[in-house]
Amino acid sequence: MTITAGSDVLSERAEELRSYGQVNEDLGKLNDATVDILRASGVMKLLAPVEYGGTRAHPVEFAETVMKIASLDGAAGWVAGVVGVHPWELELMPPKLQEEIWGADEDTWISSPYAPMGVATPVEGGYRFSGHWQFSSGTDHAQWVILGAFLGDAEGKPVTPFRSLHVVVPRADYTIVEDSWDVVGLRGTGSKDIIIKDVFVPDYRVVDQTDLFEGRVAREAGKDEPIHRMPFYCLFPLGLTSAVIGIAEGALDAYLNYQRDRIQINGFKGAEDPYNMYVVSEAAGEIRASRAALLDNISRIYDTVGSGREVSLEQRAVGRRTQIQAAWRATAAVDTILSRSGGNGLRMNNPVQRFWRDAHMGLAHAIHVPGPTYHAAIMTQLGIDPPANLAAAV
């Protein structure tokens, strides 16, 4: 599978997009020109419904496109990977909501986060909704947001046992907290805080998270294409890990460009130093292997649902382990690359260090935490059902 959608745009404007990396970092969000390139590339339409200009592409095409963007600018790739998944979820929700979002403008973006940092209390016709969320990537350029929430009781406190929801809210109903994104990496993503205070949300804009994760939302919506039957935790992490791997590829490219003209203190030309070249070549192999593992994994899962079979808990858990490991291996390779870049590799005008910081910030996302998922994966391979807390992100 190779990139098709938007490939001409990304090729023609690659150097332009690359040049905005530092601009976006300094700005603390994507600049308008970067957003224009992302729109023109079609990346946000790859998983979108065809009724609103989408292509329902193979997830490998989505992953490869995100990787390409991230190799040019990590922040742009991260936003593409996060925001690009949301149309897939929205297609499973009521047509009325889709028309609200895309009816007037098919290029409307939807941000997130999914962490349940708010409470939605049932009222007649919908919910009263309040909360404070962090990490809404690309939110300055989005007109809607999907927010995680706990179902609330009459007093506005989460019911027990907890029941999680995804709540879709228009831009007029929430506040973006400026200056809330001050971090070491992925600074250009503008992943700012969102605040909502006692807003009414109609019930058609709310979906039960368990129903979504277990495929009931797709079945009830009559969505039966292979892309619709992909388990949530197979598809959602794909954009994030693809961005990390693309960032690693960007770090490697930046290093090689830097080394072509570098003369080291020992007199070696960078490209002629056998010690550095061996180690960096090994890192390049690790990045390539991480990419191959991620794409092979998502292809196998897509083929499974495409043949009408269910993806088992073991397949999901082992697949998530593969995805997480790919991110960690690629980031470890970036560490190796930076360590062979000399002191000048850490100058702020050298993109190698920005890719290094971006990779580690991407690795810090909750989707890349290895412990519980690794534990769940090996339990399934032993024929043991993991407890809910271990299988929560599987």
# chains A, B, ... in the order shown; residues from 1 in each chain; ligands from 1

$ closest_atom_pairs --of "range 152-203 of chain A" --to "range 28-36 of chain A" --cutoff "8 Å" --atoms "only C-alpha atoms" --output "Markdown table"
| residue | atom | partner | partner_atom | distance |
| --- | --- | --- | --- | --- |
| A:Trp181 | CA | A:Gly28 | CA | 7.3 |
| A:Arg187 | CA | A:Gly28 | CA | 5.3 |
| A:Gly188 | CA | A:Lys29 | CA | 4.2 |
| A:Thr189 | CA | A:Lys29 | CA | 4.9 |
| A:Gly190 | CA | A:Lys29 | CA | 4.0 |
| A:Ser191 | CA | A:Lys29 | CA | 7.7 |

$ write_last_selection --atoms "C-alpha atoms" --output "PDB file, in the first residue's frame"
ATOM      1  CA  TRP A 181       0.273  24.472  26.198  1.00  0.00           C
ATOM      2  CA  ARG A 187       4.786  22.572  20.869  1.00  0.00           C
ATOM      3  CA  GLY A 188       3.363  23.367  17.456  1.00  0.00           C
ATOM      4  CA  THR A 189       0.326  21.146  18.003  1.00  0.00           C
ATOM      5  CA  GLY A 190      -1.369  23.772  20.177  1.00  0.00           C
ATOM      6  CA  SER A 191      -2.798  21.026  22.400  1.00  0.00           C
TER       7      SER A 191
END

$ residues_around --residues "Ala221 in chain A" --least-positions-apart "3" --cutoff "12 Å" --atoms "only C-alpha atoms" --output "VMD selection string"
chain A and resid 89 to 95 207 211 to 212 215 to 218 224 to 225 228 to 229

$ write_last_selection --atoms "C-alpha atoms" --output "tab-separated table (two decimals), in the first residue's frame"
chain	number	residue	atom	x	y	z
A	89	GLU	CA	-16.05	8.00	14.78
A	90	LEU	CA	-18.46	10.75	13.72
A	91	GLU	CA	-19.66	8.64	10.78
A	92	LEU	CA	-20.99	6.13	13.29
A	93	MET	CA	-23.09	8.78	15.02
A	94	PRO	CA	-26.50	10.16	13.92
A	95	PRO	CA	-26.77	11.73	10.43
A	207	VAL	CA	-22.45	8.15	22.53
A	211	ASP	CA	-21.17	0.67	23.00
A	212	LEU	CA	-18.65	2.36	20.71
A	215	GLY	CA	-19.08	-2.22	17.98
A	216	ARG	CA	-22.73	-1.76	18.89
A	217	VAL	CA	-22.77	1.86	17.72
A	218	ALA	CA	-21.59	0.84	14.25
A	224	ASP	CA	-20.88	-2.47	7.73
A	225	GLU	CA	-17.85	-1.50	5.65
A	228	HIS	CA	-16.56	0.74	10.29
A	229	ARG	CA	-15.92	-2.62	11.94

$ select_by_dssp --residues "range 109-151 of chain A" --states "strand (DSSP E)" --output "JSON, numbers by chain"
{"A": [110, 111, 116, 117, 118, 119, 120, 121, 122, 123, 126, 127, 128, 129, 130, 131, 132, 133, 134, 135, 136, 144, 145, 146, 147, 148, 149, 150, 151]}

$ residues_around --residues "Glu249 in chain A" --least-positions-apart "4" --cutoff "8 Å" --atoms "only C-alpha atoms" --output "list of chain:residue names"
A:Ser71, A:Ile245, A:Asp253, A:Ile287

$ residues_around --residues "Pro122 in chain A" --least-positions-apart "4" --cutoff "9 Å" --atoms "only C-alpha atoms" --output "PyMOL selection string"
chain A and resi 126-129+151-154+203

$ closest_residue --among "A:Leu238, A:Val169, A:Ser312, A:Phe162" --to "Val85 in chain A" --atoms "only C-alpha atoms"
A:Leu238

$ closest_atom_pairs --of "range 226-269 of chain A" --to "range 297-301 of chain A" --cutoff "8 Å" --atoms "only C-alpha atoms" --output "JSON lines"
{"residue": "A:Met230", "atom": "CA", "partner": "A:Ile301", "partner_atom": "CA", "distance": 7.6}
{"residue": "A:Cys234", "atom": "CA", "partner": "A:Ile298", "partner_atom": "CA", "distance": 7.2}
{"residue": "A:Leu235", "atom": "CA", "partner": "A:Ile298", "partner_atom": "CA", "distance": 7.9}
{"residue": "A:Leu238", "atom": "CA", "partner": "A:Ile298", "partner_atom": "CA", "distance": 8.0}

$ residues_around --residues "Lys45 in chain A" --least-positions-apart "2" --cutoff "12 Å" --atoms "only C-alpha atoms" --output "MDAnalysis selection string"
chainID A and resid 5:6 38:43 47:59 61:62 65 80:81 83:88 91 102 106:110

$ write_last_selection --atoms "C-alpha atoms" --output "mmCIF file, in the first residue's frame"
data_model
loop_
_atom_site.group_PDB
_atom_site.id
_atom_site.type_symbol
_atom_site.label_atom_id
_atom_site.label_comp_id
_atom_site.auth_asym_id
_atom_site.auth_seq_id
_atom_site.Cartn_x
_atom_site.Cartn_y
_atom_site.Cartn_z
ATOM 1 C CA ALA A 5 -4.476 10.784 -1.586
ATOM 2 C CA GLY A 6 -2.753 14.132 -1.443
ATOM 3 C CA LEU A 38 -3.064 19.587 5.557
ATOM 4 C CA ARG A 39 -6.436 20.416 4.036
ATOM 5 C CA ALA A 40 -5.052 20.221 0.511
ATOM 6 C CA SER A 41 -3.323 16.894 1.235
ATOM 7 C CA GLY A 42 -6.668 15.221 1.955
ATOM 8 C CA VAL A 43 -5.373 13.536 5.100
ATOM 9 C CA LEU A 47 -11.322 8.175 7.081
ATOM 10 C CA ALA A 48 -14.292 10.503 6.566
ATOM 11 C CA PRO A 49 -17.717 9.509 5.184
ATOM 12 C CA VAL A 50 -18.035 9.636 1.412
ATOM 13 C CA GLU A 51 -21.234 11.656 1.788
ATOM 14 C CA TYR A 52 -19.077 14.546 3.006
ATOM 15 C CA GLY A 53 -16.133 14.260 0.656
ATOM 16 C CA GLY A 54 -14.332 11.425 2.403
ATOM 17 C CA THR A 55 -12.739 8.351 0.845
ATOM 18 C CA ARG A 56 -13.026 5.655 3.554
ATOM 19 C CA ALA A 57 -9.449 4.734 2.682
ATOM 20 C CA HIS A 58 -7.519 1.714 3.854
ATOM 21 C CA PRO A 59 -5.998 2.566 7.267
ATOM 22 C CA GLU A 61 -2.979 4.807 3.498
ATOM 23 C CA PHE A 62 -3.952 6.996 6.429
ATOM 24 C CA THR A 65 0.162 9.856 4.936
ATOM 25 C CA ALA A 80 -3.118 14.999 11.264
ATOM 26 C CA GLY A 81 -2.956 11.706 13.177
ATOM 27 C CA VAL A 83 -7.810 15.009 14.106
ATOM 28 C CA GLY A 84 -7.794 12.663 11.120
ATOM 29 C CA VAL A 85 -9.330 9.813 13.132
ATOM 30 C CA HIS A 86 -12.338 11.771 14.381
ATOM 31 C CA PRO A 87 -14.375 11.665 11.156
ATOM 32 C CA TRP A 88 -14.309 7.863 11.405
ATOM 33 C CA GLU A 91 -19.655 8.638 10.777
ATOM 34 C CA TRP A 102 -20.114 19.100 7.725
ATOM 35 C CA GLU A 106 -16.963 19.527 4.538
ATOM 36 C CA ASP A 107 -13.492 20.605 5.693
ATOM 37 C CA THR A 108 -14.585 21.304 9.279
ATOM 38 C CA TRP A 109 -12.184 19.796 11.828
ATOM 39 C CA ILE A 110 -13.132 18.083 15.085
#
